[in-house]
Amino acid sequence: MEEGVWRIVGGGVAGLAAALAATRAGGRVALYEASPQAGGRCRTVRGPDGFTHDNGTHVLIGANPRALALLDEIGARARWIEPEPQGLPVYDARSRALHRVGLSPASWLAKNLRPPGLAFADLPRFARLLAPGRDRAIGEIFAGSGVLESFVEPLTLAVLNTPVAVASARRLGRALRQVLAPGGGRLYAARNGLGPDLVEPAIATLIARGAQVETGARLRAIETAGGRMSALLFARGGNERVELGPHDRVILALPPSEIGRFLPGIAAPTAFEPILNAHFALAEPAPGAVRFIGLTGALSQWLIVRRDHVSVTVSAAAGEAMESDPDNLLVRIWSEIDPALRAAGLELHRGERQRIVKEKRATIRQEAGLPVYAPRAPWPRLALAGDWIGPLPATIESATISGENAVRALKRDAP
Ligand SMILES: Cc1cc2nc3c(=O)[nH]c(=O)nc-3n(C[C@H](O)[C@H](O)[C@H](O)COP(=O)(O)OP(=O)(O)OC[C@H]3O[C@@H](n4cnc5c(N)ncnc54)[C@H](O)[C@@H]3O)c2cc1C
C-alpha cells in the first residue's frame, strides 16, 4: 500500500517526537523547522561571544515516562543524570538556611526530606490537590498554610509556570499523582545541555532513519482544494511550495499562536506566561557533576550549575522582572544565588560573560478552568501536536505525548 510522506511542521520536542514515532515503523518523514536550529523552547543557545548555554534550566522527573523513553530511543538516556539524588537542596534567602526536600509526598515520611512548614493540617489540602474534583486555584486550597510559600508555590511555578493565585489544581494534581509512582520524584538534568543531550541525538536518529530535516523552513500558508490540503507553502528566501501527495499526512507541531494563524477555527489557548533566565559563565570550572538548587524568598527560583556556567530561572516572571534592565537584573540575581551556592558547598566565581534570556511565551497560562485541548483538525490527514494539547502540564512530557499521539491518530484514521 502507498504510504505517502509524513510532513511534520515544527521541530520542537513535539515535532521531534512525532517524527521519531513516524520513522519507528519505517515511515518516510520530512520535518520543517522555521529556525536555523531544531529544539524550539528546548534549545542550546550559542552566542556570538561563544558563551553557550540552554535557553532555560530544563529538568525531567521520573514521572515523565514518555520523555524518558524518547531519550532511550535516541540513545541519550544515560546523558540525563540525577543532579541531587539526596533530595532537592532549597535555600531560603530570608533565613539563609538550606534544607533538602523530597519531590514525592511519599518521601516526606523522612523528616529530613519534608518541606518546611508542612503540618498535619496540610494533609487534607494535598488530598484535595490529588483528588480529581472541581478545578480551583491552588492558592485557594493552600490559603494560610505554612507550606504554600516554602513548597507549593515553587512547585507550582516549576510545573505549571503560572502564579498560584490562578494556577489549576487539577493540572498540578495530575502531575503529582504520577510522582507518587515508584521513582516518580527523581529529578534528571542533561549533563551537557539540551542540544547535545536531546536535540542533536534526536536529529541524528531521524537522519539515520532516512528522514529529511529542513531548518529555516517557515510555514506561511496551507493551500486547500475540495476540502483537503493540497500544498504547504514555506518562506525560504523565496516562496517554496510542497505539493501534498494523496497519501501524505501533515502534523502541525506548533505553538498555539501559530495554530490560531493557520486554523482560526480552532480554539487554541491565548494566554501565556513568561520565563526569564540569567546565565553566568564561570571564571573557573565548577567542581563535580551538575547541581540543581531551589531558592525561596528571592526573585531567583532555581539554578543549575554546569561545568562552565550557572543558569538561573525566574519562572512566571513578574512583569517587574521582565521589564527590568538586564544589567541590574544580572547584579541582583548573582547577589541572590551566591549565598545559596555557598550554602550548598560551592564557591564559584563568575567570569565576564553573562546573559539574560527572556521567553515571553514560555508556556500557556495553566489556570483553573482551562479546558483540556484535544483539537480536531479541520481537514483529513492533518493532526496537531504541541505541549499545550492534553490534560498534563505543558512540558517536555506533554509535548512528547502529543507528537506520538498525533502519529497514532493519523495511522488510525487514514487508510
Ligand atoms: C525557559 C523554559 C524552561 C522550561 N523548563 C522546562 C522544564 O524544566 N521541564 C519541562 O518538561 N519543560 C520545560 N519547559 C517547557 C518545554 O520547553 C516545552 O513544553 C516544550 O519544549 C514545548 O515543545 P513544543 O514542541 O510543543 O513547542 P516548541 O518548542 O515551541 O516548538 C515549536 C517549533 O515550531 C517552530 N515553528 C513555529 N512556527 C513555525 C512555522 N510557521 N513553520 C515552521 N516551524 C515553526 C518553532 O521554531 C519551534 O521550533 C520550559 C520552557 C521554557 C521556555
# chains A, B, ... in the order shown; residues from 1 in each chain; ligands from 1
>>> select_by_dssp(residues="region 216-330 of chain A", states="strand (DSSP E or B)", output="PyMOL selection string")
chain A and resi 218-225+228-236+238-243+249-253+272-282+291-296+302-305+309-315
>>> residues_around(residues="region 213-223 of chain A", least_positions_apart="2", cutoff="9 Å", atoms="only C-alpha atoms", output="tab-separated table (two decimals) with N, CA and C atoms, in the first residue's frame")
chain	number	residue	atom	x	y	z
A	9	VAL	N	5.55	19.80	10.62
A	9	VAL	CA	5.95	21.22	10.65
A	9	VAL	C	6.16	21.63	12.10
A	10	GLY	N	7.38	22.07	12.43
A	10	GLY	CA	7.74	22.44	13.80
A	10	GLY	C	8.73	21.42	14.34
A	11	GLY	N	9.92	21.87	14.65
A	11	GLY	CA	10.98	20.96	15.11
A	11	GLY	C	11.28	21.10	16.59
A	29	VAL	N	9.68	10.58	6.37
A	29	VAL	CA	9.38	11.82	7.11
A	29	VAL	C	10.14	13.00	6.52
A	30	ALA	N	9.42	14.12	6.38
A	30	ALA	CA	10.09	15.41	6.11
A	30	ALA	C	9.70	16.34	7.26
A	31	LEU	N	10.72	16.86	7.97
A	31	LEU	CA	10.49	17.73	9.13
A	31	LEU	C	10.89	19.15	8.75
A	32	TYR	N	9.99	20.11	8.95
A	32	TYR	CA	10.26	21.51	8.56
A	32	TYR	C	10.29	22.37	9.81
A	33	GLU	N	11.39	23.08	10.03
A	33	GLU	CA	11.54	23.94	11.20
A	33	GLU	C	11.89	25.35	10.74
A	34	ALA	N	11.19	26.33	11.31
A	34	ALA	CA	11.39	27.72	10.88
A	34	ALA	C	12.78	28.27	11.26
A	35	SER	N	13.24	27.92	12.46
A	35	SER	CA	14.50	28.50	12.95
A	35	SER	C	15.71	27.82	12.29
A	36	PRO	N	16.88	28.40	12.49
A	36	PRO	CA	18.08	27.75	11.95
A	36	PRO	C	18.42	26.45	12.68
A	37	GLN	N	17.83	26.24	13.87
A	37	GLN	CA	18.12	25.01	14.59
A	37	GLN	C	16.81	24.44	15.14
A	38	ALA	N	16.78	23.10	15.31
A	38	ALA	CA	15.60	22.46	15.89
A	38	ALA	C	15.66	22.62	17.42
A	203	ILE	N	17.89	14.42	16.17
A	203	ILE	CA	18.07	14.69	14.73
A	203	ILE	C	18.96	13.62	14.09
A	206	LEU	N	16.91	10.59	13.47
A	206	LEU	CA	15.99	10.78	12.34
A	206	LEU	C	16.74	10.67	11.01
A	207	ILE	N	17.90	11.29	10.94
A	207	ILE	CA	18.66	11.26	9.68
A	207	ILE	C	19.11	9.83	9.39
A	211	ALA	N	15.10	10.29	7.44
A	211	ALA	CA	14.22	11.47	7.44
A	211	ALA	C	14.95	12.66	6.80
A	225	ALA	N	-7.91	22.36	-1.44
A	225	ALA	CA	-8.77	22.23	-2.62
A	225	ALA	C	-9.73	21.08	-2.36
A	228	ARG	N	-9.64	19.34	1.12
A	228	ARG	CA	-8.42	18.64	1.54
A	228	ARG	C	-7.24	19.59	1.43
A	229	MET	N	-6.19	19.30	2.13
A	229	MET	CA	-4.97	20.11	1.97
A	229	MET	C	-4.31	19.69	0.66
A	230	SER	N	-3.86	20.70	-0.10
A	230	SER	CA	-3.21	20.35	-1.38
A	230	SER	C	-1.73	20.75	-1.41
A	231	ALA	N	-1.34	21.76	-0.63
A	231	ALA	CA	0.08	22.16	-0.64
A	231	ALA	C	0.43	22.92	0.63
A	232	LEU	N	1.70	22.83	1.00
A	232	LEU	CA	2.25	23.63	2.10
A	232	LEU	C	3.16	24.67	1.48
A	233	LEU	N	2.98	25.93	1.88
A	233	LEU	CA	3.82	27.00	1.32
A	233	LEU	C	4.79	27.48	2.39
A	234	PHE	N	6.06	27.46	2.06
A	234	PHE	CA	7.10	27.86	3.01
A	234	PHE	C	7.80	29.12	2.54
A	235	ALA	N	8.21	29.94	3.50
A	235	ALA	CA	9.03	31.10	3.16
A	235	ALA	C	10.48	30.69	3.34
A	236	ARG	N	11.18	30.47	2.27
A	236	ARG	CA	12.59	30.09	2.36
A	236	ARG	C	13.35	30.91	1.34
A	240	GLU	N	8.35	28.78	-1.36
A	240	GLU	CA	8.57	27.39	-1.72
A	240	GLU	C	7.28	26.62	-1.48
A	262	PHE	N	-3.01	29.67	11.31
A	262	PHE	CA	-3.32	28.77	10.18
A	262	PHE	C	-4.72	28.20	10.25
>>> select_by_dssp(residues="region 94-329 of chain A", states="alpha helix (DSSP H)", output="mmCIF file with C-alpha atoms, in the first residue's frame")
data_model
loop_
_atom_site.group_PDB
_atom_site.id
_atom_site.type_symbol
_atom_site.label_atom_id
_atom_site.label_comp_id
_atom_site.auth_asym_id
_atom_site.auth_seq_id
_atom_site.Cartn_x
_atom_site.Cartn_y
_atom_site.Cartn_z
ATOM 1 C CA LEU A 123 -2.617 16.598 54.502
ATOM 2 C CA PRO A 124 -6.298 17.168 53.559
ATOM 3 C CA ARG A 125 -5.148 20.021 51.297
ATOM 4 C CA PHE A 126 -2.769 17.688 49.446
ATOM 5 C CA ALA A 127 -5.556 15.114 49.292
ATOM 6 C CA ARG A 128 -7.771 17.750 47.610
ATOM 7 C CA LEU A 129 -4.996 18.517 45.164
ATOM 8 C CA LEU A 130 -4.608 14.842 44.312
ATOM 9 C CA ILE A 138 -4.009 26.132 44.029
ATOM 10 C CA GLY A 139 -3.649 29.280 46.153
ATOM 11 C CA GLU A 140 -7.262 28.838 47.263
ATOM 12 C CA ILE A 141 -6.621 25.301 48.523
ATOM 13 C CA VAL A 147 3.777 25.091 53.159
ATOM 14 C CA GLU A 153 4.354 27.903 45.224
ATOM 15 C CA PRO A 154 7.824 26.931 43.931
ATOM 16 C CA LEU A 155 6.432 23.559 42.819
ATOM 17 C CA THR A 156 3.533 25.231 41.002
ATOM 18 C CA LEU A 157 5.839 27.655 39.229
ATOM 19 C CA ALA A 158 8.210 24.839 38.276
ATOM 20 C CA VAL A 159 5.488 22.583 36.917
ATOM 21 C CA LEU A 160 2.806 24.977 35.644
ATOM 22 C CA ALA A 169 -5.123 22.439 40.997
ATOM 23 C CA ARG A 170 -6.389 19.759 38.636
ATOM 24 C CA ARG A 171 -3.384 20.030 36.323
ATOM 25 C CA LEU A 172 -0.859 20.029 39.168
ATOM 26 C CA GLY A 173 -2.761 17.166 40.817
ATOM 27 C CA ARG A 174 -2.419 15.046 37.653
ATOM 28 C CA ALA A 175 1.329 15.580 37.690
ATOM 29 C CA LEU A 176 1.564 14.858 41.429
ATOM 30 C CA ARG A 177 -0.374 11.605 41.091
ATOM 31 C CA GLN A 178 2.276 10.444 38.624
ATOM 32 C CA VAL A 179 5.035 11.483 41.018
ATOM 33 C CA LEU A 194 19.580 20.238 25.692
ATOM 34 C CA GLU A 200 21.178 16.617 18.350
ATOM 35 C CA PRO A 201 20.785 12.881 19.111
ATOM 36 C CA ALA A 202 17.115 13.110 18.049
ATOM 37 C CA ILE A 203 18.072 14.694 14.729
ATOM 38 C CA ALA A 204 20.920 12.179 14.240
ATOM 39 C CA THR A 205 18.462 9.312 14.835
ATOM 40 C CA LEU A 206 15.994 10.781 12.336
ATOM 41 C CA ILE A 207 18.664 11.264 9.681
ATOM 42 C CA ALA A 208 19.938 7.708 10.244
ATOM 43 C CA PRO A 256 -0.974 27.834 19.849
ATOM 44 C CA SER A 257 -0.329 31.281 18.372
ATOM 45 C CA GLU A 258 0.752 29.726 15.063
ATOM 46 C CA ILE A 259 -2.167 27.291 15.093
ATOM 47 C CA GLY A 260 -4.506 30.240 15.567
ATOM 48 C CA ARG A 261 -2.984 31.822 12.460
ATOM 49 C CA PHE A 262 -3.316 28.775 10.180
ATOM 50 C CA GLY A 319 6.183 41.935 34.878
ATOM 51 C CA GLU A 320 8.640 43.825 37.023
ATOM 52 C CA ALA A 321 11.469 41.397 36.205
ATOM 53 C CA MET A 322 10.571 41.091 32.526
ATOM 54 C CA GLU A 323 10.739 44.863 32.151
ATOM 55 C CA PRO A 326 19.223 43.321 32.129
ATOM 56 C CA ASP A 327 22.403 44.669 33.771
ATOM 57 C CA ASN A 328 20.563 45.411 37.031
ATOM 58 C CA LEU A 329 18.909 42.007 36.910
#
>>> residues_around(residues="Tyr188 (chain A)", least_positions_apart="3", cutoff="7 Å", atoms="only C-alpha atoms", output="NGL selection string")
:A and (59-61 or 80-83)
>>> write_last_selection(atoms="C-alpha atoms", output="PDB file, in the first residue's frame")
ATOM      1  CA  VAL A  59      14.718  19.140  34.056  1.00  0.00           C
ATOM      2  CA  LEU A  60      12.724  15.934  33.765  1.00  0.00           C
ATOM      3  CA  ILE A  61      11.353  13.791  36.566  1.00  0.00           C
ATOM      4  CA  TRP A  80      20.486  12.656  31.779  1.00  0.00           C
ATOM      5  CA  ILE A  81      21.820  12.363  35.271  1.00  0.00           C
ATOM      6  CA  GLU A  82      20.379  12.845  38.749  1.00  0.00           C
ATOM      7  CA  PRO A  83      21.873  16.096  39.995  1.00  0.00           C
TER       8      PRO A  83
END
>>> closest_residue(among="A:Ala25, A:Val166, A:Val90, A:Val407", to="Leu341 (chain A)", atoms="only C-alpha atoms")
A:Val90
>>> residues_around(residues="Gly195 (chain A)", least_positions_apart="6", cutoff="9 Å", atoms="only C-alpha atoms", output="PDB file with all heavy atoms, in the first residue's frame")
ATOM      1  N   ALA A  38      16.780  23.103  15.308  1.00  0.00           N
ATOM      2  CA  ALA A  38      15.599  22.459  15.893  1.00  0.00           C
ATOM      3  C   ALA A  38      15.663  22.616  17.417  1.00  0.00           C
ATOM      4  O   ALA A  38      16.646  23.096  17.970  1.00  0.00           O
ATOM      5  CB  ALA A  38      15.562  20.992  15.502  1.00  0.00           C
ATOM      6  N   GLY A  39      14.574  22.213  18.080  1.00  0.00           N
ATOM      7  CA  GLY A  39      14.552  22.241  19.551  1.00  0.00           C
ATOM      8  C   GLY A  39      13.484  23.166  20.107  1.00  0.00           C
ATOM      9  O   GLY A  39      12.972  22.933  21.183  1.00  0.00           O
ATOM     10  N   CYS A  42      13.220  24.174  23.752  1.00  0.00           N
ATOM     11  CA  CYS A  42      14.231  23.317  24.399  1.00  0.00           C
ATOM     12  C   CYS A  42      15.486  23.409  23.551  1.00  0.00           C
ATOM     13  O   CYS A  42      15.710  22.569  22.691  1.00  0.00           O
ATOM     14  CB  CYS A  42      13.762  21.865  24.356  1.00  0.00           C
ATOM     15  SG  CYS A  42      12.952  21.312  25.812  1.00  0.00           S
ATOM     16  N   ARG A  43      16.299  24.392  23.783  1.00  0.00           N
ATOM     17  CA  ARG A  43      17.429  24.516  22.852  1.00  0.00           C
ATOM     18  C   ARG A  43      18.680  25.017  23.566  1.00  0.00           C
ATOM     19  O   ARG A  43      18.606  25.638  24.632  1.00  0.00           O
ATOM     20  CB  ARG A  43      17.091  25.475  21.709  1.00  0.00           C
ATOM     21  CG  ARG A  43      16.904  26.905  22.160  1.00  0.00           C
ATOM     22  CD  ARG A  43      16.410  27.804  21.047  1.00  0.00           C
ATOM     23  NE  ARG A  43      16.356  29.182  21.487  1.00  0.00           N
ATOM     24  CZ  ARG A  43      15.408  29.706  22.266  1.00  0.00           C
ATOM     25  NH1 ARG A  43      14.406  28.948  22.694  1.00  0.00           N
ATOM     26  NH2 ARG A  43      15.450  30.977  22.625  1.00  0.00           N
ATOM     27  N   THR A  44      19.805  24.737  22.950  1.00  0.00           N
ATOM     28  CA  THR A  44      21.068  25.289  23.432  1.00  0.00           C
ATOM     29  C   THR A  44      21.351  26.547  22.625  1.00  0.00           C
ATOM     30  O   THR A  44      21.220  26.557  21.399  1.00  0.00           O
ATOM     31  CB  THR A  44      22.191  24.243  23.281  1.00  0.00           C
ATOM     32  OG1 THR A  44      21.900  23.148  24.170  1.00  0.00           O
ATOM     33  CG2 THR A  44      23.535  24.825  23.652  1.00  0.00           C
ATOM     34  N   VAL A  45      21.680  27.620  23.344  1.00  0.00           N
ATOM     35  CA  VAL A  45      21.914  28.924  22.704  1.00  0.00           C
ATOM     36  C   VAL A  45      23.432  29.124  22.588  1.00  0.00           C
ATOM     37  O   VAL A  45      24.147  29.012  23.582  1.00  0.00           O
ATOM     38  CB  VAL A  45      21.322  30.057  23.592  1.00  0.00           C
ATOM     39  CG1 VAL A  45      21.583  31.431  22.992  1.00  0.00           C
ATOM     40  CG2 VAL A  45      19.838  29.826  23.840  1.00  0.00           C
ATOM     41  N   ASP A  54      21.881  26.486  27.736  1.00  0.00           N
ATOM     42  CA  ASP A  54      20.494  26.226  27.328  1.00  0.00           C
ATOM     43  C   ASP A  54      19.655  27.488  27.467  1.00  0.00           C
ATOM     44  O   ASP A  54      20.019  28.389  28.229  1.00  0.00           O
ATOM     45  CB  ASP A  54      19.890  25.108  28.186  1.00  0.00           C
ATOM     46  CG  ASP A  54      20.485  23.755  27.833  1.00  0.00           C
ATOM     47  OD1 ASP A  54      21.192  23.660  26.815  1.00  0.00           O
ATOM     48  OD2 ASP A  54      20.232  22.797  28.589  1.00  0.00           O
ATOM     49  N   PRO A 201      20.982  14.317  19.313  1.00  0.00           N
ATOM     50  CA  PRO A 201      20.785  12.881  19.111  1.00  0.00           C
ATOM     51  C   PRO A 201      19.442  12.548  18.456  1.00  0.00           C
ATOM     52  O   PRO A 201      19.347  11.558  17.709  1.00  0.00           O
ATOM     53  CB  PRO A 201      20.845  12.284  20.517  1.00  0.00           C
ATOM     54  CG  PRO A 201      21.238  13.372  21.438  1.00  0.00           C
ATOM     55  CD  PRO A 201      21.238  14.670  20.715  1.00  0.00           C
TER      56      PRO A 201
END
>>> residues_around(residues="region 107-114 of chain A", least_positions_apart="3", cutoff="9 Å", atoms="only C-alpha atoms", output="list in words")
Gln86, Gly87, Leu88, His99, Arg100, Val101, Gly102, Leu103, Ser104, Gly117, Leu118 and Gly185 of chain A
>>> closest_residue(among="A:Leu148, A:Ile293, A:Leu252, A:Leu282", to="ligand 1", atoms="only C-alpha atoms and all ligand atoms")
A:Leu252
